[in-house]
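Structure data (CSV, C-alpha atoms) from run00.csv:
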chain,number,residue,atom,x,y,z
A,227,MET,CA,0.0,0.0,0.0
A,228,PHE,CA,1.3,3.5,-0.9
A,229,VAL,CA,1.2,5.9,2.0
A,230,ASP,CA,2.7,9.4,1.7
A,231,ARG,CA,1.7,11.1,4.9
A,232,ALA,CA,2.1,10.1,8.6
A,233,LEU,CA,1.9,11.7,12.0
A,234,ILE,CA,4.4,10.3,14.6
A,235,THR,CA,6.1,11.2,17.8
A,236,VAL,CA,9.8,10.8,18.5
A,237,LYS,CA,11.5,10.8,21.9
A,238,ALA,CA,15.3,10.7,22.3
A,239,GLY,CA,16.6,8.8,25.3
A,240,ASP,CA,17.1,10.5,28.6
A,241,GLY,CA,20.6,10.8,30.1
A,242,GLY,CA,21.5,8.5,32.9
A,243,ASP,CA,21.7,10.0,36.5
A,244,GLY,CA,25.0,10.6,38.2
A,245,CYS,CA,26.0,8.3,41.0
A,246,VAL,CA,26.7,9.0,44.7
A,247,SER,CA,29.3,6.6,45.9
A,248,PHE,CA,32.4,6.6,48.2
A,249,ARG,CA,35.5,4.5,48.0
A,250,ARG,CA,35.5,1.7,50.6
A,251,ALA,CA,38.8,0.0,51.2
A,252,LYS,CA,40.7,-1.6,54.0
A,253,ALA,CA,42.9,0.9,55.8
A,254,GLU,CA,41.1,3.8,54.1
A,255,PRO,CA,38.5,4.9,56.6
A,256,LYS,CA,38.0,8.1,54.8
A,257,GLY,CA,37.8,7.0,51.1
A,258,GLY,CA,36.8,9.8,48.8
A,259,PRO,CA,33.9,10.1,46.5
A,260,ASN,CA,34.0,7.9,43.3
A,261,GLY,CA,30.5,8.2,41.8
A,262,GLY,CA,30.6,8.1,38.0
A,263,ASP,CA,28.6,10.1,35.5
A,264,GLY,CA,25.5,8.9,33.7
A,265,GLY,CA,25.6,7.8,30.1
A,266,ARG,CA,24.1,9.9,27.2
A,267,GLY,CA,20.6,9.0,25.9
A,268,GLY,CA,20.3,7.7,22.4
A,269,ASP,CA,19.5,10.1,19.5
A,270,VAL,CA,16.7,9.6,17.0
A,271,VAL,CA,18.2,9.5,13.6
A,272,PHE,CA,16.3,9.5,10.3
A,273,TRP,CA,17.9,7.6,7.4
A,274,ALA,CA,16.7,8.0,3.8
A,275,ASP,CA,16.8,4.4,2.7
A,276,THR,CA,16.8,4.1,-1.1
A,277,GLY,CA,15.0,0.7,-0.8
A,278,LEU,CA,11.8,2.4,0.5
A,279,ASN,CA,9.2,4.3,-1.4
A,280,THR,CA,6.3,4.6,1.0
A,281,LEU,CA,5.6,5.6,4.6
A,282,TYR,CA,3.4,2.5,5.1
A,283,GLU,CA,5.5,1.3,8.2
A,284,PHE,CA,4.4,4.3,10.2
A,285,ARG,CA,0.7,3.4,10.0
A,286,GLY,CA,1.1,0.8,12.7
A,287,LEU,CA,4.0,2.3,14.7
A,288,ARG,CA,3.4,6.0,15.6
A,289,ASP,CA,5.6,6.3,18.7
A,290,TRP,CA,9.4,6.0,18.3
A,291,LYS,CA,11.6,6.1,21.4
A,292,ALA,CA,15.3,5.8,21.8
A,293,GLN,CA,16.8,4.1,24.9
A,294,ASN,CA,17.9,6.0,28.0
A,295,GLY,CA,21.5,6.2,29.1
A,296,GLU,CA,22.6,4.1,32.0
A,297,SER,CA,23.1,5.7,35.4
A,298,GLY,CA,26.6,6.1,36.7
A,299,ARG,CA,28.2,3.6,39.1
A,300,GLY,CA,30.7,3.5,41.9
A,301,LYS,CA,34.4,3.1,41.4
A,302,GLN,CA,34.4,6.0,38.9
A,303,GLN,CA,32.5,4.0,36.4
A,304,PHE,CA,30.5,6.0,33.9
A,305,GLY,CA,27.1,4.7,32.7
A,306,ALA,CA,27.0,3.3,29.1
A,307,GLY,CA,25.6,5.6,26.4
A,308,ALA,CA,22.5,4.3,24.7
A,309,PRO,CA,22.5,3.4,21.0
A,310,ASP,CA,20.9,5.7,18.5
A,311,LEU,CA,17.4,4.8,17.2
A,312,VAL,CA,17.6,4.7,13.4
A,313,VAL,CA,14.3,5.4,11.6
A,314,ARG,CA,14.2,4.4,8.0
A,315,VAL,CA,12.2,6.6,5.6
A,316,PRO,CA,12.0,6.9,1.8
A,317,PRO,CA,14.2,9.5,0.1
A,318,GLY,CA,12.1,12.6,-0.5
A,319,THR,CA,10.5,12.5,3.0
A,320,MET,CA,9.9,16.0,4.4
A,321,VAL,CA,10.0,16.1,8.2
A,322,PHE,CA,7.8,18.9,9.8
A,323,ASN,CA,7.4,19.9,13.4
A,324,ASP,CA,3.6,19.3,13.6
A,325,GLU,CA,3.1,21.8,16.4
A,326,THR,CA,4.9,24.8,14.7
A,327,GLY,CA,4.6,23.8,11.0
A,328,ASP,CA,8.3,24.3,10.6
A,329,LEU,CA,10.3,22.1,8.1
A,330,ILE,CA,13.0,20.3,10.1
A,331,HIS,CA,14.6,18.5,7.2
A,332,ASP,CA,14.1,17.3,3.6
A,333,LEU,CA,15.9,14.0,3.3
A,334,ARG,CA,17.9,13.2,0.2
A,335,PRO,CA,18.9,9.6,-0.8
A,336,ASP,CA,21.1,7.8,1.8
A,337,GLU,CA,21.2,10.9,4.0
A,338,ARG,CA,21.2,10.6,7.8
A,339,VAL,CA,20.1,13.4,10.1
A,340,VAL,CA,19.6,13.6,13.8
A,341,ILE,CA,16.0,14.7,14.4
A,342,ALA,CA,15.9,14.4,18.2
A,343,ARG,CA,19.0,14.6,20.4
A,344,GLY,CA,19.5,12.4,23.5
A,345,GLY,CA,20.0,14.0,26.9
A,346,ARG,CA,23.4,14.4,28.5
A,347,GLY,CA,24.2,12.2,31.4
A,348,GLY,CA,24.2,13.6,34.9
A,349,TYR,CA,27.3,14.2,37.0
A,350,GLY,CA,28.3,11.8,39.8
A,351,ASN,CA,29.4,13.1,43.2
A,352,GLU,CA,33.1,12.8,42.2
A,353,HIS,CA,32.6,16.0,40.2
A,354,PHE,CA,31.7,17.9,43.4
A,355,LYS,CA,34.7,17.1,45.6
A,356,THR,CA,36.9,20.0,46.7
A,357,SER,CA,39.6,20.5,49.3
A,358,VAL,CA,37.1,21.8,51.7
A,359,HIS,CA,34.2,19.6,50.6
A,360,GLN,CA,35.5,16.1,50.7
A,361,THR,CA,32.4,14.0,51.2
A,362,PRO,CA,29.9,15.5,48.6
A,363,PHE,CA,26.5,13.8,48.4
A,364,GLU,CA,25.5,16.0,45.4
A,365,PHE,CA,24.8,14.6,42.0
A,366,THR,CA,22.8,15.7,39.0
A,367,PRO,CA,20.1,13.8,37.2
A,368,GLY,CA,20.4,13.1,33.4
A,369,GLN,CA,18.9,15.6,31.0
A,370,PRO,CA,15.7,14.6,29.2
A,371,GLY,CA,15.9,13.7,25.5
A,372,GLU,CA,14.2,15.9,23.0
A,373,PHE,CA,10.6,15.1,22.1
A,374,TYR,CA,8.8,16.1,18.9
A,375,ARG,CA,5.4,15.5,17.3
A,376,LEU,CA,6.3,15.2,13.6
A,377,ARG,CA,4.4,15.3,10.3
A,378,LEU,CA,6.0,13.3,7.6
A,379,GLU,CA,5.2,14.1,3.9
A,380,LEU,CA,6.7,12.1,1.1
A,381,LYS,CA,7.4,13.5,-2.3
A,382,LEU,CA,8.9,10.8,-4.5
A,383,ILE,CA,12.3,11.5,-6.1
A,384,ALA,CA,12.5,10.2,-9.7
A,385,ASP,CA,14.3,11.1,-12.9
A,386,VAL,CA,11.2,11.0,-15.0
A,387,GLY,CA,7.5,11.4,-14.0
A,388,LEU,CA,4.9,9.9,-16.3
A,389,VAL,CA,1.7,12.0,-16.6
A,390,GLY,CA,-1.4,11.9,-18.7
A,391,LYS,CA,-5.0,11.1,-18.7
A,392,PRO,CA,-6.4,7.8,-17.4
A,393,ASN,CA,-5.9,4.9,-19.8
A,394,ALA,CA,-3.2,6.7,-21.8
A,395,GLY,CA,-0.9,3.7,-21.4
A,396,LYS,CA,1.5,5.0,-18.7
A,397,SER,CA,1.4,1.7,-16.7
A,398,THR,CA,1.9,-0.4,-19.9
A,399,LEU,CA,4.9,1.8,-20.7
A,400,LEU,CA,6.3,1.4,-17.2
A,401,LYS,CA,5.9,-2.4,-17.3
A,402,ALA,CA,7.6,-2.6,-20.7
A,403,LEU,CA,10.6,-0.5,-19.6
A,404,THR,CA,11.1,-1.8,-16.0
A,405,ARG,CA,10.4,-4.7,-13.7
A,406,ALA,CA,7.6,-2.9,-12.0
A,407,ASP,CA,4.3,-4.7,-12.1
A,408,PRO,CA,1.6,-2.1,-12.1
A,409,LYS,CA,-2.1,-3.0,-12.5
A,410,ILE,CA,-3.2,-2.8,-16.1
A,411,ALA,CA,-6.8,-2.8,-17.2
A,412,ASN,CA,-9.2,-1.2,-19.7
A,413,TYR,CA,-10.9,1.2,-17.3
A,414,PRO,CA,-9.9,4.5,-15.7
A,415,PHE,CA,-7.9,4.9,-12.5
A,416,THR,CA,-6.4,1.4,-12.5
A,417,THR,CA,-3.3,3.1,-11.0
A,418,LEU,CA,-4.3,4.3,-7.6
A,419,ALA,CA,-0.9,5.1,-6.3
A,420,PRO,CA,2.5,6.1,-7.7
A,421,GLN,CA,4.6,3.3,-9.1
A,422,LEU,CA,8.4,3.4,-9.3
A,423,GLY,CA,10.6,1.4,-11.7
A,424,ILE,CA,14.1,1.5,-13.0
A,425,ALA,CA,14.7,1.4,-16.8
A,426,GLU,CA,18.2,0.1,-17.7
A,427,LEU,CA,19.5,1.4,-21.0
A,428,ASP,CA,22.8,-0.4,-20.5
A,429,PRO,CA,24.8,-1.6,-17.4
A,430,GLU,CA,26.0,1.9,-16.7
A,431,ARG,CA,22.9,4.0,-17.4
A,432,ARG,CA,19.7,3.8,-15.5
A,433,LEU,CA,16.6,6.0,-15.2
A,434,VAL,CA,14.2,6.0,-12.3
A,435,LEU,CA,10.6,6.3,-13.6
A,436,ALA,CA,7.5,7.2,-11.6
A,437,ASP,CA,4.0,6.4,-13.0
A,438,LEU,CA,1.5,8.7,-11.4
A,439,PRO,CA,-2.3,8.2,-11.3
A,440,GLY,CA,-4.1,9.6,-14.3
A,441,LEU,CA,-5.2,13.2,-14.2
A,442,ILE,CA,-8.5,14.6,-15.2
A,443,GLU,CA,-9.9,18.1,-15.6
A,444,GLY,CA,-10.1,19.7,-12.2
A,445,ALA,CA,-7.4,17.6,-10.7
A,446,SER,CA,-5.5,20.7,-9.4
A,447,ALA,CA,-8.8,21.6,-7.6
A,448,GLY,CA,-9.3,18.2,-6.0
A,449,ALA,CA,-11.1,16.2,-8.7
A,450,GLY,CA,-10.2,12.6,-9.2
A,451,LEU,CA,-7.0,11.3,-7.7
A,452,GLY,CA,-4.8,14.1,-9.1
A,453,LEU,CA,-4.6,16.4,-6.1
A,454,ASP,CA,-3.1,13.8,-3.8
A,455,PHE,CA,-0.3,12.9,-6.3
A,456,LEU,CA,0.4,16.1,-8.4
A,457,ARG,CA,3.0,17.1,-5.7
A,458,HIS,CA,5.0,14.0,-6.5
A,459,ILE,CA,5.7,15.3,-9.9
A,460,GLU,CA,7.5,18.3,-8.3
A,461,ARG,CA,10.5,16.1,-7.4
A,462,THR,CA,10.9,14.6,-10.9
A,463,ARG,CA,13.4,16.2,-13.2
A,464,VAL,CA,11.6,15.6,-16.5
A,465,ILE,CA,8.0,15.1,-17.3
A,466,LEU,CA,7.1,12.4,-19.8
A,467,HIS,CA,3.7,13.4,-21.1
A,468,VAL,CA,1.9,10.3,-22.4
A,469,LEU,CA,-1.0,10.8,-24.8
A,470,ASP,CA,-3.3,8.2,-26.2
A,471,ALA,CA,-3.0,8.2,-30.0
A,472,ALA,CA,-6.7,7.1,-30.3
A,473,PRO,CA,-8.5,8.4,-27.2
A,474,GLU,CA,-11.7,6.7,-26.2
A,475,ASP,CA,-13.1,9.9,-24.7
A,476,GLY,CA,-13.8,11.4,-28.2
A,477,LEU,CA,-11.2,14.1,-27.8
A,478,THR,CA,-8.0,14.5,-29.9
A,479,PRO,CA,-4.5,14.0,-28.4
A,480,ALA,CA,-4.0,17.8,-28.7
A,481,GLN,CA,-7.1,18.5,-26.7
A,482,ASN,CA,-6.0,16.0,-24.0
A,483,TYR,CA,-2.6,17.6,-24.0
A,484,ARG,CA,-3.9,21.1,-23.3
A,485,ALA,CA,-6.2,19.8,-20.6
A,486,ILE,CA,-3.4,18.2,-18.6
A,487,ARG,CA,-1.1,21.2,-19.1
A,488,GLU,CA,-3.8,23.4,-17.6
A,489,GLU,CA,-3.9,21.1,-14.5
A,490,LEU,CA,-0.1,21.2,-14.1
A,491,ALA,CA,-0.1,25.0,-14.3
A,492,GLY,CA,-3.1,25.1,-11.9
A,493,HIS,CA,-1.1,23.2,-9.3
A,494,SER,CA,2.3,24.9,-9.6
A,495,HIS,CA,3.9,27.4,-11.9
A,496,ALA,CA,7.2,25.7,-11.5
A,497,LEU,CA,5.7,22.4,-12.3
A,498,ALA,CA,4.3,23.7,-15.6
A,499,GLU,CA,7.7,24.9,-16.6
A,500,LYS,CA,9.5,21.6,-16.1
A,501,THR,CA,11.3,20.1,-19.0
A,502,GLU,CA,8.9,17.9,-21.0
A,503,LEU,CA,8.9,15.1,-23.6
A,504,ILE,CA,5.7,14.2,-25.3
A,505,VAL,CA,5.0,10.7,-26.5
A,506,LEU,CA,2.0,9.7,-28.7
A,507,ASN,CA,1.4,6.3,-27.3
A,508,LYS,CA,-0.6,3.3,-28.6
A,509,ALA,CA,0.6,4.1,-32.1
A,510,ASP,CA,0.1,0.5,-33.1
A,511,LEU,CA,-3.7,1.2,-33.2
A,512,LEU,CA,-3.2,3.6,-36.2
A,513,ASP,CA,-1.9,2.9,-39.7
A,514,ASP,CA,1.0,4.9,-41.1
A,515,ASP,CA,-1.2,7.6,-42.6
A,516,GLU,CA,-3.2,8.1,-39.4
A,517,GLN,CA,0.0,8.2,-37.4
A,518,ARG,CA,1.4,11.0,-39.6
A,519,ASP,CA,-1.8,13.0,-39.4
A,520,ALA,CA,-2.1,12.6,-35.6
A,521,LEU,CA,1.6,13.6,-35.1
A,522,LYS,CA,1.2,16.6,-37.4
A,523,ALA,CA,-1.9,17.8,-35.6
A,524,LEU,CA,-0.3,17.4,-32.2
A,525,ARG,CA,2.9,19.2,-33.1
A,526,ARG,CA,0.8,22.2,-34.1
A,527,ALA,CA,-0.8,22.3,-30.7
A,528,VAL,CA,2.4,22.0,-28.5
A,529,PRO,CA,5.1,24.5,-27.9
A,530,ARG,CA,7.6,24.7,-30.8
A,531,ASP,CA,10.6,23.6,-28.7
A,532,THR,CA,8.8,20.6,-27.2
A,533,GLU,CA,9.7,17.2,-28.8
A,534,VAL,CA,7.1,14.7,-29.8
A,535,LEU,CA,7.9,10.9,-30.2
A,536,ILE,CA,5.7,8.0,-31.3
A,537,THR,CA,5.6,4.9,-29.0
A,538,SER,CA,3.6,1.8,-28.2
A,539,GLY,CA,4.1,0.3,-24.8
A,540,GLY,CA,2.1,-2.8,-25.7
A,541,ALA,CA,4.0,-3.4,-29.0
A,542,ARG,CA,7.3,-2.2,-27.6
A,543,VAL,CA,7.8,0.3,-30.4
A,544,GLY,CA,9.9,3.4,-30.0
A,545,LEU,CA,11.0,2.7,-26.5
A,546,ARG,CA,14.8,2.9,-27.1
A,547,PRO,CA,14.7,6.3,-28.8
A,548,MET,CA,12.4,7.6,-26.0
A,549,LEU,CA,14.8,6.4,-23.3
A,550,GLU,CA,17.8,7.8,-25.1
A,551,ARG,CA,16.1,11.1,-25.5
A,552,LEU,CA,15.2,11.2,-21.8
A,553,TRP,CA,18.8,10.4,-20.9
A,554,ALA,CA,20.1,13.2,-23.1
A,555,MET,CA,17.6,15.6,-21.6
A,556,LEU,CA,18.7,14.7,-18.1
A,557,HIS,CA,22.5,14.5,-18.7
A,558,GLY,CA,23.0,16.8,-21.7
A,559,GLU,CA,23.1,16.1,-25.4
A,560,ALA,CA,26.7,14.9,-25.2
A,561,ALA,CA,25.4,12.0,-23.1
A,562,ARG,CA,23.6,10.4,-26.0
A,563,PRO,CA,25.8,7.8,-27.6
A,564,PRO,CA,26.6,8.3,-31.3
A,565,GLY,CA,24.7,6.2,-33.8
A,566,TRP,CA,22.0,5.0,-31.4
A,567,THR,CA,19.1,3.2,-33.0
A,568,ASP,CA,15.8,1.6,-32.0
A,569,ALA,CA,17.6,-1.6,-30.9
A,570,PRO,CA,16.0,-3.9,-28.4
A,571,LEU,CA,16.3,-2.9,-24.8
A,572,PRO,CA,18.4,-5.0,-22.4
A,573,ALA,CA,16.7,-6.8,-19.6
A,574,ALA,CA,14.8,-4.3,-17.5
A,575,GLY,CA,16.3,-3.2,-14.2
A,576,GLY,CA,14.3,-3.4,-11.0
Please re-express this file's structure in structure tokens.
Amino acid sequence: MFVDRALITVKAGDGGDGCVSFRRAKAEPKGGPNGGDGGRGGDVVFWADTGLNTLYEFRGLRDWKAQNGESGRGKQQFGAGAPDLVVRVPPGTMVFNDETGDLIHDLRPDERVVIARGGRGGYGNEHFKTSVHQTPFEFTPGQPGEFYRLRLELKLIADVGLVGKPNAGKSTLLKALTRADPKIANYPFTTLAPQLGIAELDPERRLVLADLPGLIEGASAGAGLGLDFLRHIERTRVILHVLDAAPEDGLTPAQNYRAIREELAGHSHALAEKTELIVLNKADLLDDDEQRDALKALRRAVPRDTEVLITSGGARVGLRPMLERLWAMLHGEAARPPGWTDAPLPAAGG
């Protein structure tokens, strides 16, 4: 199950108390103080684990607490410090203080950050001895660890975000390019949550693709599923706009393109200006003349500097040029190998 929001509490460990103790030894009737300090409480550390892409784990575990430090002991023995509590979250998780609304941190892949610091251990009575105060009974308790009520919000991090209307063929494309196994069926909203996959062009070049639920008119205002997932497109570097070459809604690909662009602009001006590649998908449903006519009409409707390619996820047509173009857009034109052709793709990466 895809979960991209969670409310949790985190509590760092308390420091251990200092110890009151006096040396007891034969022939030393006035042994001095030897109480050790308490150990430090464990920190709460968030780690952006690249193997995760959902906050599902936090649905059943809302309270996260690190261990307390040990109290000091006699014979000048310090209490042991507690281990850190490492909380694994997906890359792209934004950690907010739920009480103030402040953003504490926005986690990048493999980043570790201390969210709540453990308390310092208290002083034992050895700290309080002086030449005129040789039998101190004073000690200090350990300091409490930090406590926060947190709001976690996930924005997926991907190289390419697939957008388009329901049934445009985004899930079929993702399945043809990667080892992801999205649900595919001939009815709207078969994709109910973002799906991630890795497309492998060759052993040294990989692209992370995110298939997002289909958008409809009014998505930016809350219609359909779009409002919940439009924000995930904000973290993608390139938008792959997938258009059905033979739409079943009676509209043309150009009309569907304009409708989705309006929703992107309605959600965020920055989102509307992201680099975009358009693919006219399901091209195997049209003959050559129909393909040329549809492509010509679409190119008249899109910005002049936006590239349009023809693909078919079901028939696996045009996938290699599309991936090579995406790679070049992400890494610069020089990254495209010379003489590339529509050769079969290697085995898909996971």
Given all atoms listed in the file as the counted atoms, nearest of A:Leu422, A:Ala292, A:Cys245, A:Ala485 to Gly347 (chain A):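 Selected residue with least distance to Gly347 (chain A): A:Cys245.
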Residues near region 538-546 of chain A, cut-off 6 Å, only C-alpha atoms, skip fewer than 4 positions along chain, as JSON, numbers by chain: {"A": [398, 399, 507, 508, 509, 568]}
Of the listed residues A:Asn351, A:Gln303, A:Asn260, A:Thr532, that which approaches Phe365 (chain A) most closely, counting all atoms listed in the file: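 Checking each candidate against Phe365 (chain A), we get A:Asn351 as the closest.
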If we count only C-alpha atoms and set the cut-off at 9 Å, which residues sit around Ile465 (chain A), ignoring sequence neighbours fewer than 5 positions away in its own chain? Please answer as a PyMOL selection string. chain A and resi 385-389+459+500-504
Pick the closest to Val468 (chain A) from A:Leu506, A:Ala232, A:Val358, A:Ala425: which is it, counting only C-alpha atoms?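 For Val468 (chain A), the nearest of the candidates is A:Leu506.
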Tell me which residues come within 9 Å of (-11.1, 7.6, -22.1), as a ChimeraX atom specification, counting all atoms listed in the file in the file's coordinates. /A:391-394,413-414,470,473-477
Can you pull out the residues contacting Pro420 (chain A)? Cut-off 7 Å, using all atoms listed in the file, and skip same-chain residues under 2 positions away; I want them as a list in words. Leu422, Ala436, Asp437, Leu438 and Pro439 of chain A
Using only C-alpha atoms, which residues sit within 12 Å of Lys381 (chain A) once same-chain residues fewer than 3 positions away are excluded, as a ChimeraX atom specification? /A:228-231,279-281,315-321,332-334,378,384,387,420,436,438,454-462
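Among the candidates A:Lys301, A:Lys522, A:Lys291, A:Arg250, the one nearest to Ala238 (chain A) when counting only C-alpha atoms is A:Lys291.
One finds CA of His495 (chain A) at 26.3 Å from CA of Ser397 (chain A).
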Smallest atom-to-atom distance to Lys396 (chain A): which of A:Arg375, A:Gly492, A:Arg526, A:Thr537, using all atoms listed in the file?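 Closest candidate: A:Thr537.
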For Gly261 (chain A), the nearest of the candidates A:Arg343, A:Arg525, A:Lys237, A:Arg299, counting only C-alpha atoms: A:Arg299
Would you work out the distance separating CA of Glu337 (chain A) from CA of Ala274 (chain A), expressed in Å to one decimal? 5.4 Å
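CA of Val312 (chain A) lies 25.6 Å from CA of Pro367 (chain A).
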